[in-house]
Amino acid sequence: FDEKEQCLVSGSSGGSLKVYDLAEGRVMRSLPGHRSNVTCLHYHPFGEFVVSGSLDTNVKLWDVRKKGCIMNYKGHERDITAVRFSPDGRWVASCAKNSTFKLWDLTSGKILNSWTLPKSVHMTSLCFNPAELVLAAATTERLVRLYDMESFEVIGTTSPESSLVRACTFNNAGDALLTATQDALRAWTWDGTGSGHPPVRCTKYVDCAWEKVTEIVATADDKVVAASYQSNFVSVYECDASGA
């Protein structure tokens, strides 16, 4: 969804994006460009831009108004698993199945930093903290790493879960990290006052039977909205995260 929730963008297995007008319930435009399945999307927090990732290893920036791709971020060698704009809209973060994670300058297309995870480990979900320069990345190690976006260093990790962390997000205040596995929602906090990596503690656990959840977002009233899909169906869930 765009910031005003007037438009919805979706990616297809054929590599194109479709932009929907929610008020009129129709497709506004189709944006072809990727050579294979679109795997992830994110709307820019301010402008009419969308970033997309695909099985074709490319990360593309789209101008929805001009109906075309305006930047192609090349550097990954495997399927793109997640893309995210920074809260100020100046950066794009992306990760791929070849254990790489990259941070790009939005306008120049230059790589600001690149990380390589241990072999056979890759990231499945990314989210920026809205209040400080921290990025959270869920990995196939069944945990979430916290990165300082000034030093580009890992500053903390959550404890390993019993199953894959399928999605993560921060609450609106930025003082709690929310993670979703196939059957639970957890809230985590951290103490940045100590030396070394701050301890990351689980402060809330909620049973959730949402199975293949793919995305979670936090609302202003401390609710968590989650989406999952199976075959041609999309399911939407709401969970109370107050007190996290």
# chains A, B, ... in the order shown; residues from 1 in each chain; ligands from 1
>>> residues_around(residues="A:Asp221", least_positions_apart="3", cutoff="10 Å", atoms="only C-alpha atoms", output="ChimeraX atom specification")
/A:171-172,218,224,240-242
>>> write_last_selection(atoms="N, CA and C atoms", output="PDB file, in the first residue's frame")
ATOM      1  N   ASN A 171       7.678  -1.608  16.357  1.00  0.00           N
ATOM      2  CA  ASN A 171       6.476  -0.851  16.689  1.00  0.00           C
ATOM      3  C   ASN A 171       6.696   0.613  16.307  1.00  0.00           C
ATOM      4  N   ASN A 172       5.651   1.430  16.404  1.00  0.00           N
ATOM      5  CA  ASN A 172       5.738   2.803  15.923  1.00  0.00           C
ATOM      6  C   ASN A 172       6.692   3.665  16.738  1.00  0.00           C
ATOM      7  N   ALA A 218       2.929  -2.879  12.264  1.00  0.00           N
ATOM      8  CA  ALA A 218       2.410  -2.389  13.534  1.00  0.00           C
ATOM      9  C   ALA A 218       1.560  -1.151  13.284  1.00  0.00           C
ATOM     10  N   VAL A 224      -1.014  -5.503  15.711  1.00  0.00           N
ATOM     11  CA  VAL A 224      -0.189  -6.033  14.631  1.00  0.00           C
ATOM     12  C   VAL A 224      -1.112  -6.639  13.586  1.00  0.00           C
ATOM     13  N   ASP A 240      -3.052  -8.293  19.187  1.00  0.00           N
ATOM     14  CA  ASP A 240      -2.809  -7.219  20.157  1.00  0.00           C
ATOM     15  C   ASP A 240      -1.366  -7.319  20.668  1.00  0.00           C
ATOM     16  N   ALA A 241      -0.583  -6.267  20.411  1.00  0.00           N
ATOM     17  CA  ALA A 241       0.809  -6.234  20.857  1.00  0.00           C
ATOM     18  C   ALA A 241       1.019  -5.173  21.926  1.00  0.00           C
ATOM     19  N   SER A 242      -0.027  -4.691  22.538  1.00  0.00           N
ATOM     20  CA  SER A 242       0.114  -3.651  23.562  1.00  0.00           C
ATOM     21  C   SER A 242       0.878  -4.200  24.754  1.00  0.00           C
TER      22      SER A 242
END
>>> closest_atom_pairs(of="stretch 16-47 of chain A", to="stretch 126-129 of chain A", cutoff="12 Å", atoms="only C-alpha atoms", output="JSON lines")
{"residue": "A:Cys40", "atom": "CA", "partner": "A:Leu126", "partner_atom": "CA", "distance": 10.8}
{"residue": "A:Leu41", "atom": "CA", "partner": "A:Leu126", "partner_atom": "CA", "distance": 11.5}
{"residue": "A:His42", "atom": "CA", "partner": "A:Cys127", "partner_atom": "CA", "distance": 10.7}
{"residue": "A:Pro45", "atom": "CA", "partner": "A:Phe128", "partner_atom": "CA", "distance": 11.8}
>>> write_last_selection(atoms="C-alpha atoms", output="short mmCIF file (atom, residue, chain, number, x, y, z; two decimals), in the first residue's frame")
data_model
loop_
_atom_site.label_atom_id
_atom_site.label_comp_id
_atom_site.auth_asym_id
_atom_site.auth_seq_id
_atom_site.Cartn_x
_atom_site.Cartn_y
_atom_site.Cartn_z
CA CYS A 40 9.08 -8.67 -2.78
CA LEU A 41 7.87 -5.06 -2.94
CA HIS A 42 7.89 -1.90 -0.84
CA PRO A 45 7.40 6.38 2.49
#
>>> closest_residue(among="A:Trp91, A:Phe85, A:Tyr147, A:Phe233", to="A:Trp115", atoms="only C-alpha atoms")
A:Tyr147
>>> atom_distance(atom1="atom CA of A:Pro160", atom2="atom CA of A:Gly174")
21.6 Å
>>> residues_around(residues="A:Gln230", least_positions_apart="3", cutoff="10 Å", atoms="only C-alpha atoms", output="NGL selection string")
:A and (211-213 or 233-235)
>>> write_last_selection(atoms="C-alpha atoms", output="PDB file, in the first residue's frame")
ATOM      1  CA  GLU A 211       1.010 -20.458   9.577  1.00  0.00           C
ATOM      2  CA  LYS A 212       2.588 -19.055   6.390  1.00  0.00           C
ATOM      3  CA  VAL A 213       2.639 -15.423   7.473  1.00  0.00           C
ATOM      4  CA  PHE A 233      -6.043 -16.882  -1.110  1.00  0.00           C
ATOM      5  CA  VAL A 234      -4.756 -14.116   1.145  1.00  0.00           C
ATOM      6  CA  SER A 235      -5.581 -14.158   4.860  1.00  0.00           C
TER       7      SER A 235
END
>>> closest_residue(among="A:Val144, A:Val200, A:Val154, A:Cys69", to="A:Ala167", atoms="only C-alpha atoms")
A:Val144
>>> closest_residue(among="A:Glu153, A:Asp21, A:Glu141, A:Asp79", to="A:Ser114", atoms="only C-alpha atoms")
A:Glu153
>>> residues_around(residues="stretch 94-103 of chain A", least_positions_apart="2", cutoff="10 Å", atoms="only C-alpha atoms", output="CSV table (one decimal) with all heavy atoms, in the first residue's frame")
chain,number,residue,atom,x,y,z
A,40,CYS,N,9.3,-9.6,-3.9
A,40,CYS,CA,9.1,-8.7,-2.8
A,40,CYS,C,8.9,-7.3,-3.3
A,40,CYS,O,9.4,-6.9,-4.4
A,40,CYS,CB,10.3,-8.7,-1.8
A,40,CYS,SG,11.9,-8.7,-2.6
A,51,VAL,N,10.0,-0.1,-4.8
A,51,VAL,CA,11.1,-0.9,-5.1
A,51,VAL,C,10.7,-2.4,-5.1
A,51,VAL,O,9.8,-2.8,-4.4
A,51,VAL,CB,12.2,-0.7,-4.0
A,51,VAL,CG1,11.8,-1.1,-2.6
A,51,VAL,CG2,13.5,-1.4,-4.4
A,52,SER,N,11.3,-3.2,-6.0
A,52,SER,CA,10.9,-4.6,-6.2
A,52,SER,C,12.1,-5.4,-6.3
A,52,SER,O,13.2,-5.0,-6.8
A,52,SER,CB,10.0,-4.7,-7.4
A,52,SER,OG,10.7,-4.4,-8.6
A,53,GLY,N,12.0,-6.7,-5.9
A,53,GLY,CA,13.0,-7.7,-6.0
A,53,GLY,C,12.4,-8.9,-6.8
A,53,GLY,O,11.2,-9.1,-6.7
A,54,SER,N,13.3,-9.7,-7.4
A,54,SER,CA,12.8,-10.8,-8.3
A,54,SER,C,13.8,-12.0,-8.2
A,54,SER,O,14.9,-11.9,-7.8
A,54,SER,CB,12.7,-10.2,-9.7
A,54,SER,OG,12.5,-11.3,-10.6
A,55,LEU,N,13.2,-13.1,-8.7
A,55,LEU,CA,14.1,-14.2,-8.9
A,55,LEU,C,15.2,-14.0,-10.0
A,55,LEU,O,16.1,-14.8,-10.1
A,55,LEU,CB,13.2,-15.4,-9.4
A,55,LEU,CG,12.2,-16.0,-8.4
A,55,LEU,CD1,11.5,-17.2,-9.0
A,55,LEU,CD2,12.8,-16.4,-7.1
A,57,THR,N,17.4,-11.8,-9.9
A,57,THR,CA,18.5,-11.2,-9.1
A,57,THR,C,18.5,-9.7,-9.1
A,57,THR,O,19.4,-9.1,-8.5
A,57,THR,CB,19.9,-11.8,-9.5
A,57,THR,OG1,20.2,-11.1,-10.8
A,57,THR,CG2,19.9,-13.3,-9.7
A,58,ASN,N,17.6,-9.0,-9.8
A,58,ASN,CA,17.6,-7.6,-9.9
A,58,ASN,C,16.7,-6.9,-8.9
A,58,ASN,O,15.7,-7.5,-8.5
A,58,ASN,CB,17.2,-7.1,-11.3
A,58,ASN,CG,18.2,-7.5,-12.4
A,58,ASN,OD1,19.4,-7.3,-12.1
A,58,ASN,ND2,17.7,-8.0,-13.5
A,59,VAL,N,17.1,-5.8,-8.4
A,59,VAL,CA,16.3,-4.9,-7.6
A,59,VAL,C,16.0,-3.6,-8.4
A,59,VAL,O,16.9,-3.0,-8.9
A,59,VAL,CB,17.1,-4.5,-6.3
A,59,VAL,CG1,16.2,-3.5,-5.5
A,59,VAL,CG2,17.4,-5.7,-5.4
A,73,TYR,N,19.2,-1.8,-9.6
A,73,TYR,CA,20.3,-2.0,-8.6
A,73,TYR,C,20.9,-3.4,-8.9
A,73,TYR,O,20.2,-4.4,-8.5
A,73,TYR,CB,19.9,-1.8,-7.2
A,73,TYR,CG,19.2,-0.5,-6.9
A,73,TYR,CD1,17.8,-0.4,-6.9
A,73,TYR,CD2,20.0,0.6,-6.6
A,73,TYR,CE1,17.2,0.8,-6.6
A,73,TYR,CE2,19.3,1.9,-6.3
A,73,TYR,CZ,18.0,1.9,-6.3
A,73,TYR,OH,17.4,3.1,-6.1
A,75,GLY,N,23.9,-6.3,-8.4
A,75,GLY,CA,25.0,-6.7,-7.5
A,75,GLY,C,24.7,-8.1,-6.9
A,75,GLY,O,25.7,-8.8,-6.4
A,76,HIS,N,23.5,-8.4,-6.8
A,76,HIS,CA,23.1,-9.8,-6.2
A,76,HIS,C,23.3,-10.8,-7.3
A,76,HIS,O,23.2,-10.6,-8.5
A,76,HIS,CB,21.7,-9.8,-5.7
A,76,HIS,CG,21.5,-8.9,-4.4
A,76,HIS,ND1,22.1,-9.3,-3.2
A,76,HIS,CD2,20.8,-7.8,-4.2
A,76,HIS,CE1,21.7,-8.3,-2.3
A,76,HIS,NE2,20.9,-7.4,-2.9
A,77,GLU,N,23.5,-12.1,-6.8
A,77,GLU,CA,23.7,-13.2,-7.7
A,77,GLU,C,22.7,-14.3,-7.6
A,77,GLU,O,22.7,-15.3,-8.3
A,77,GLU,CB,25.1,-13.8,-7.5
A,77,GLU,CG,26.2,-12.8,-7.8
A,77,GLU,CD,27.6,-13.4,-7.5
A,77,GLU,OE1,27.7,-14.5,-7.0
A,77,GLU,OE2,28.6,-12.7,-7.8
A,78,ARG,N,21.8,-14.1,-6.6
A,78,ARG,CA,20.7,-15.1,-6.4
A,78,ARG,C,19.4,-14.4,-6.2
A,78,ARG,O,19.3,-13.2,-6.3
A,78,ARG,CB,21.0,-16.0,-5.2
A,78,ARG,CG,22.2,-17.0,-5.4
A,78,ARG,CD,21.8,-18.2,-6.3
A,78,ARG,NE,20.6,-18.8,-5.9
A,78,ARG,CZ,20.5,-19.8,-4.9
A,78,ARG,NH1,21.6,-20.1,-4.3
A,78,ARG,NH2,19.4,-20.3,-4.6
A,79,ASP,N,18.3,-15.2,-6.0
A,79,ASP,CA,17.0,-14.7,-5.8
A,79,ASP,C,16.9,-13.6,-4.7
A,79,ASP,O,17.5,-13.8,-3.7
A,79,ASP,CB,16.0,-15.8,-5.4
A,79,ASP,CG,16.1,-17.1,-6.2
A,79,ASP,OD1,16.9,-17.1,-7.2
A,79,ASP,OD2,15.5,-18.0,-5.9
A,80,ILE,N,16.2,-12.5,-5.0
A,80,ILE,CA,16.0,-11.5,-4.0
A,80,ILE,C,14.9,-11.9,-3.0
A,80,ILE,O,13.8,-12.3,-3.4
A,80,ILE,CB,15.6,-10.1,-4.6
A,80,ILE,CG1,16.7,-9.7,-5.7
A,80,ILE,CG2,15.6,-9.0,-3.6
A,80,ILE,CD1,18.1,-9.6,-5.3
A,81,THR,N,15.2,-11.8,-1.7
A,81,THR,CA,14.2,-12.3,-0.7
A,81,THR,C,13.5,-11.2,0.0
A,81,THR,O,12.4,-11.4,0.5
A,81,THR,CB,14.9,-13.2,0.3
A,81,THR,OG1,16.0,-12.5,0.9
A,81,THR,CG2,15.5,-14.5,-0.3
A,82,ALA,N,14.1,-10.0,0.0
A,82,ALA,CA,13.4,-8.8,0.7
A,82,ALA,C,14.0,-7.5,0.3
A,82,ALA,O,15.2,-7.5,-0.1
A,82,ALA,CB,13.5,-9.0,2.2
A,83,VAL,N,13.2,-6.5,0.2
A,83,VAL,CA,13.6,-5.1,-0.1
A,83,VAL,C,12.9,-4.2,0.8
A,83,VAL,O,11.8,-4.4,1.2
A,83,VAL,CB,13.3,-4.7,-1.6
A,83,VAL,CG1,14.2,-5.5,-2.5
A,83,VAL,CG2,11.9,-4.9,-1.9
A,84,ARG,N,13.6,-3.1,1.2
A,84,ARG,CA,13.0,-2.1,2.1
A,84,ARG,C,13.6,-0.7,1.8
A,84,ARG,O,14.8,-0.5,1.7
A,84,ARG,CB,13.2,-2.4,3.6
A,84,ARG,CG,12.2,-3.3,4.2
A,84,ARG,CD,10.8,-2.7,4.3
A,84,ARG,NE,9.8,-3.5,4.9
A,84,ARG,CZ,9.1,-4.4,4.3
A,84,ARG,NH1,9.3,-4.6,3.0
A,84,ARG,NH2,8.2,-5.1,4.9
A,85,PHE,N,12.7,0.4,1.9
A,85,PHE,CA,13.2,1.7,1.9
A,85,PHE,C,13.5,2.1,3.4
A,85,PHE,O,12.8,1.6,4.3
A,85,PHE,CB,12.1,2.7,1.4
A,85,PHE,CG,11.9,2.7,-0.1
A,85,PHE,CD1,10.7,2.1,-0.6
A,85,PHE,CD2,12.8,3.2,-1.0
A,85,PHE,CE1,10.5,2.1,-2.0
A,85,PHE,CE2,12.6,3.2,-2.3
A,85,PHE,CZ,11.5,2.6,-2.9
A,86,SER,N,14.5,3.0,3.6
A,86,SER,CA,14.7,3.5,4.9
A,86,SER,C,13.6,4.5,5.2
A,86,SER,O,12.9,5.0,4.3
A,86,SER,CB,16.1,4.2,4.9
A,86,SER,OG,16.1,5.3,4.0
A,91,TRP,N,17.6,5.5,1.3
A,91,TRP,CA,18.3,4.3,1.1
A,91,TRP,C,17.3,3.1,0.7
A,91,TRP,O,16.1,3.2,1.0
A,91,TRP,CB,19.0,3.8,2.4
A,91,TRP,CG,20.0,4.7,2.9
A,91,TRP,CD1,20.7,5.7,2.3
A,91,TRP,CD2,20.6,4.7,4.3
A,91,TRP,NE1,21.6,6.3,3.1
A,91,TRP,CE2,21.5,5.8,4.3
A,91,TRP,CE3,20.3,4.0,5.4
A,91,TRP,CZ2,22.3,6.0,5.5
A,91,TRP,CZ3,21.0,4.3,6.6
A,91,TRP,CH2,22.0,5.3,6.6
A,92,VAL,N,17.9,2.1,0.1
A,92,VAL,CA,17.2,0.9,-0.2
A,92,VAL,C,18.0,-0.3,0.3
A,92,VAL,O,19.3,-0.3,0.0
A,92,VAL,CB,17.0,0.7,-1.7
A,92,VAL,CG1,16.4,-0.7,-2.0
A,92,VAL,CG2,16.1,1.8,-2.3
A,105,ASP,N,22.3,3.6,-2.2
A,105,ASP,CA,21.8,5.0,-2.2
A,105,ASP,C,20.7,5.1,-3.2
A,105,ASP,O,20.9,4.6,-4.4
A,105,ASP,CB,23.0,5.9,-2.6
A,105,ASP,CG,22.5,7.4,-2.7
A,105,ASP,OD1,22.5,8.0,-1.6
A,105,ASP,OD2,22.2,7.9,-3.8
A,106,LEU,N,19.6,5.6,-2.9
A,106,LEU,CA,18.4,5.6,-3.7
A,106,LEU,C,18.6,6.3,-5.1
A,106,LEU,O,18.3,5.7,-6.1
A,106,LEU,CB,17.2,6.3,-3.0
A,106,LEU,CG,15.9,6.4,-3.8
A,106,LEU,CD1,15.2,5.1,-3.9
A,106,LEU,CD2,15.0,7.4,-3.1
A,109,GLY,N,22.3,5.0,-7.0
A,109,GLY,CA,22.3,3.6,-7.2
A,109,GLY,C,23.6,2.9,-6.8
A,109,GLY,O,23.9,1.7,-7.0
A,110,LYS,N,24.4,3.7,-6.0
A,110,LYS,CA,25.7,3.1,-5.5
A,110,LYS,C,25.5,2.3,-4.3
A,110,LYS,O,24.6,2.6,-3.5
A,110,LYS,CB,26.7,4.2,-5.2
A,110,LYS,CG,27.1,5.0,-6.5
A,110,LYS,CD,28.1,6.1,-6.1
A,110,LYS,CE,28.6,6.8,-7.3
A,110,LYS,NZ,29.6,7.9,-7.0
A,111,ILE,N,26.3,1.2,-4.1
A,111,ILE,CA,26.3,0.4,-2.9
A,111,ILE,C,27.0,1.2,-1.8
A,111,ILE,O,28.1,1.6,-1.9
A,111,ILE,CB,27.0,-0.9,-3.1
A,111,ILE,CG1,26.2,-1.8,-4.2
A,111,ILE,CG2,27.0,-1.7,-1.8
A,111,ILE,CD1,26.9,-3.1,-4.5
A,112,LEU,N,26.3,1.4,-0.7
A,112,LEU,CA,26.8,2.1,0.5
A,112,LEU,C,27.6,1.1,1.4
A,112,LEU,O,28.5,1.4,2.0
A,112,LEU,CB,25.7,2.8,1.3
A,112,LEU,CG,25.0,3.9,0.5
A,112,LEU,CD1,23.8,4.4,1.4
A,112,LEU,CD2,25.9,5.0,0.1
A,113,ASN,N,27.0,-0.1,1.5
A,113,ASN,CA,27.7,-1.2,2.3
A,113,ASN,C,27.1,-2.5,1.8
A,113,ASN,O,26.0,-2.6,1.3
A,113,ASN,CB,27.5,-1.0,3.8
A,113,ASN,CG,28.6,-1.6,4.6
A,113,ASN,OD1,29.7,-1.3,4.5
A,113,ASN,ND2,28.2,-2.7,5.3
A,114,SER,N,28.0,-3.5,2.0
A,114,SER,CA,27.5,-4.9,1.7
A,114,SER,C,28.0,-5.9,2.7
A,114,SER,O,29.1,-5.7,3.3
A,114,SER,CB,28.1,-5.3,0.3
A,114,SER,OG,27.7,-6.6,-0.1
A,115,TRP,N,27.1,-6.8,3.1
A,115,TRP,CA,27.5,-7.8,4.1
A,115,TRP,C,27.3,-9.2,3.5
A,115,TRP,O,26.5,-9.4,2.6
A,115,TRP,CB,26.5,-7.7,5.3
A,115,TRP,CG,26.5,-6.4,6.1
A,115,TRP,CD1,27.1,-6.2,7.3
A,115,TRP,CD2,25.8,-5.2,5.8
A,115,TRP,NE1,26.8,-4.9,7.7
A,115,TRP,CE2,26.0,-4.3,6.8
A,115,TRP,CE3,25.0,-4.8,4.7
A,115,TRP,CZ2,25.5,-3.0,6.8
A,115,TRP,CZ3,24.4,-3.6,4.7
A,115,TRP,CH2,24.7,-2.7,5.7
A,116,THR,N,28.1,-10.1,4.0
A,116,THR,CA,28.0,-11.5,3.7
A,116,THR,C,27.8,-12.3,4.9
A,116,THR,O,28.6,-12.3,5.8
A,116,THR,CB,29.3,-12.0,2.9
A,116,THR,OG1,29.5,-11.2,1.8
A,116,THR,CG2,29.1,-13.4,2.5
A,117,LEU,N,26.7,-13.1,4.9
A,117,LEU,CA,26.4,-13.9,6.1
A,117,LEU,C,27.1,-15.2,6.0
A,117,LEU,O,27.7,-15.6,4.9
A,117,LEU,CB,24.9,-14.2,6.1
A,117,LEU,CG,24.0,-12.9,6.3
A,117,LEU,CD1,22.5,-13.3,6.2
A,117,LEU,CD2,24.3,-12.3,7.6
A,118,PRO,N,27.1,-16.1,7.0
A,118,PRO,CA,27.7,-17.4,6.9
A,118,PRO,C,27.2,-18.2,5.8
A,118,PRO,O,26.0,-18.0,5.4
A,118,PRO,CB,27.4,-18.0,8.3
A,118,PRO,CG,27.2,-16.9,9.2
A,118,PRO,CD,26.6,-15.8,8.4
A,119,LYS,N,27.9,-19.1,5.3
A,119,LYS,CA,27.5,-19.9,4.1
A,119,LYS,C,26.2,-20.6,4.4
A,119,LYS,O,26.0,-21.1,5.5
A,119,LYS,CB,28.6,-20.9,3.8
A,119,LYS,CG,28.4,-21.7,2.5
A,119,LYS,CD,29.5,-22.6,2.1
A,119,LYS,CE,29.3,-23.3,0.8
A,119,LYS,NZ,30.4,-24.2,0.5
A,120,SER,N,25.3,-20.7,3.4
A,120,SER,CA,24.0,-21.3,3.5
A,120,SER,C,23.0,-20.6,4.4
A,120,SER,O,21.9,-21.0,4.6
A,120,SER,CB,24.1,-22.8,4.0
A,120,SER,OG,24.3,-22.9,5.4
A,121,VAL,N,23.4,-19.4,4.9
A,121,VAL,CA,22.4,-18.6,5.7
A,121,VAL,C,22.0,-17.4,4.8
A,121,VAL,O,22.8,-16.8,4.1
A,121,VAL,CB,23.1,-18.0,6.9
A,121,VAL,CG1,22.2,-17.1,7.6
A,121,VAL,CG2,23.4,-19.2,7.9
A,122,HIS,N,20.7,-17.1,4.8
A,122,HIS,CA,20.3,-15.9,4.1
A,122,HIS,C,19.2,-15.2,4.8
A,122,HIS,O,18.6,-15.8,5.7
A,122,HIS,CB,19.9,-16.2,2.6
A,122,HIS,CG,18.6,-17.0,2.5
A,122,HIS,ND1,18.6,-18.3,2.3
A,122,HIS,CD2,17.3,-16.6,2.5
A,122,HIS,CE1,17.4,-18.8,2.2
A,122,HIS,NE2,16.6,-17.8,2.3
A,123,MET,N,18.9,-13.9,4.5
A,123,MET,CA,17.9,-13.2,5.2
A,123,MET,C,16.5,-13.4,4.5
A,123,MET,O,16.4,-13.6,3.3
A,123,MET,CB,18.2,-11.7,5.2
A,123,MET,CG,19.5,-11.4,6.0
A,123,MET,SD,19.9,-9.6,5.9
A,123,MET,CE,21.4,-9.6,7.0
A,124,THR,N,15.5,-13.3,5.4
A,124,THR,CA,14.1,-13.6,4.9
A,124,THR,C,13.2,-12.4,5.0
A,124,THR,O,12.2,-12.3,4.4
A,124,THR,CB,13.5,-14.8,5.6
A,124,THR,OG1,13.5,-14.5,7.1
A,124,THR,CG2,14.2,-16.1,5.4
A,125,SER,N,13.6,-11.4,5.9
A,125,SER,CA,12.8,-10.2,6.1
A,125,SER,C,13.6,-9.1,6.6
A,125,SER,O,14.6,-9.3,7.4
A,125,SER,CB,11.7,-10.5,7.1
A,125,SER,OG,10.8,-9.4,7.4
A,126,LEU,N,13.3,-7.9,6.2
A,126,LEU,CA,14.1,-6.7,6.6
A,126,LEU,C,13.1,-5.6,7.1
A,126,LEU,O,12.0,-5.5,6.7
A,126,LEU,CB,14.8,-6.1,5.4
A,126,LEU,CG,15.9,-6.9,4.7
A,126,LEU,CD1,16.3,-6.2,3.5
A,126,LEU,CD2,17.1,-7.1,5.7
A,137,ALA,N,17.1,-7.7,10.6
A,137,ALA,CA,17.1,-8.7,9.5
A,137,ALA,C,16.8,-10.1,10.1
A,137,ALA,O,17.6,-10.6,10.8
A,137,ALA,CB,18.4,-8.6,8.8
A,139,THR,N,16.8,-14.0,9.7
A,139,THR,CA,17.7,-14.9,8.9
A,139,THR,C,17.2,-16.4,9.0
A,139,THR,O,16.4,-16.7,9.9
A,139,THR,CB,19.1,-14.9,9.3
A,139,THR,OG1,19.3,-15.7,10.5
A,139,THR,CG2,19.6,-13.5,9.5
A,140,THR,N,17.7,-17.2,8.1
A,140,THR,CA,17.4,-18.7,8.2
A,140,THR,C,18.0,-19.4,9.4
A,140,THR,O,17.8,-20.6,9.5
A,140,THR,CB,17.8,-19.4,6.9
A,140,THR,OG1,19.2,-19.0,6.6
A,140,THR,CG2,16.9,-18.9,5.7
A,149,MET,N,23.1,1.3,11.6
A,149,MET,CA,23.3,1.8,10.2
A,149,MET,C,24.3,3.0,10.1
A,149,MET,O,24.5,3.5,9.1
A,149,MET,CB,22.0,2.3,9.7
A,149,MET,CG,21.0,1.1,9.3
A,149,MET,SD,21.5,0.2,7.9
A,149,MET,CE,22.4,-1.2,8.6
A,152,PHE,N,27.5,0.2,10.7
A,152,PHE,CA,27.3,-1.0,9.8
A,152,PHE,C,27.7,-2.3,10.5
A,152,PHE,O,28.0,-3.3,9.9
A,152,PHE,CB,28.0,-0.9,8.5
A,152,PHE,CG,27.5,0.3,7.7
A,152,PHE,CD1,28.5,1.1,7.1
A,152,PHE,CD2,26.2,0.5,7.4
A,152,PHE,CE1,28.1,2.2,6.4
A,152,PHE,CE2,25.8,1.6,6.7
A,152,PHE,CZ,26.7,2.4,6.1
>>> residues_around(residues="A:Tyr43", least_positions_apart="3", cutoff="7 Å", atoms="only C-alpha atoms", output="CSV table (one decimal) with C-alpha atoms, in the first residue's frame")
chain,number,residue,atom,x,y,z
A,1,PHE,CA,0.0,0.0,0.0
A,2,ASP,CA,1.1,3.6,-0.5
A,49,PHE,CA,8.1,5.1,-6.0
A,50,VAL,CA,8.1,1.4,-5.5
A,51,VAL,CA,11.1,-0.9,-5.1
>>> residues_around(residues="A:Thr179", least_positions_apart="4", cutoff="6 Å", atoms="only C-alpha atoms", output="short mmCIF file (atom, residue, chain, number, x, y, z; two decimals) with C-alpha atoms, in the first residue's frame")
data_model
loop_
_atom_site.label_atom_id
_atom_site.label_comp_id
_atom_site.auth_asym_id
_atom_site.auth_seq_id
_atom_site.Cartn_x
_atom_site.Cartn_y
_atom_site.Cartn_z
CA ALA A 167 8.57 -11.62 9.21
CA CYS A 168 9.69 -8.79 11.48
CA LEU A 185 4.21 -13.35 17.69
CA ARG A 186 7.03 -12.19 19.97
#
>>> residues_around(residues="A:Val64", least_positions_apart="2", cutoff="9 Å", atoms="only C-alpha atoms", output="list in words")
Val19, Arg29, Leu31, Glu48, Phe49, Val50, Trp62, Lys66, Lys67, Gly68 and Cys69 of chain A
>>> select_by_dssp(residues="stretch 11-113 of chain A", states="strand (DSSP E or B)", output="ChimeraX atom specification")
/A:11,17-21,26-31,38-43,49-54,59-63,68-73,80-85,91-96,100-105,111-113
>>> closest_residue(among="A:Pro130, A:Pro199, A:Gly156, A:Gly15", to="A:Asp88", atoms="only C-alpha atoms")
A:Pro130
>>> atom_distance(atom1="atom CA of A:Ser30", atom2="atom CA of A:Lys18")
4.5 Å
>>> closest_residue(among="A:Arg90, A:Asp56, A:Cys202, A:Thr107", to="A:Met71", atoms="only C-alpha atoms")
A:Thr107
>>> closest_residue(among="A:Cys208, A:Lys223, A:Leu143, A:Thr189", to="A:Arg166", atoms="only C-alpha atoms")
A:Leu143
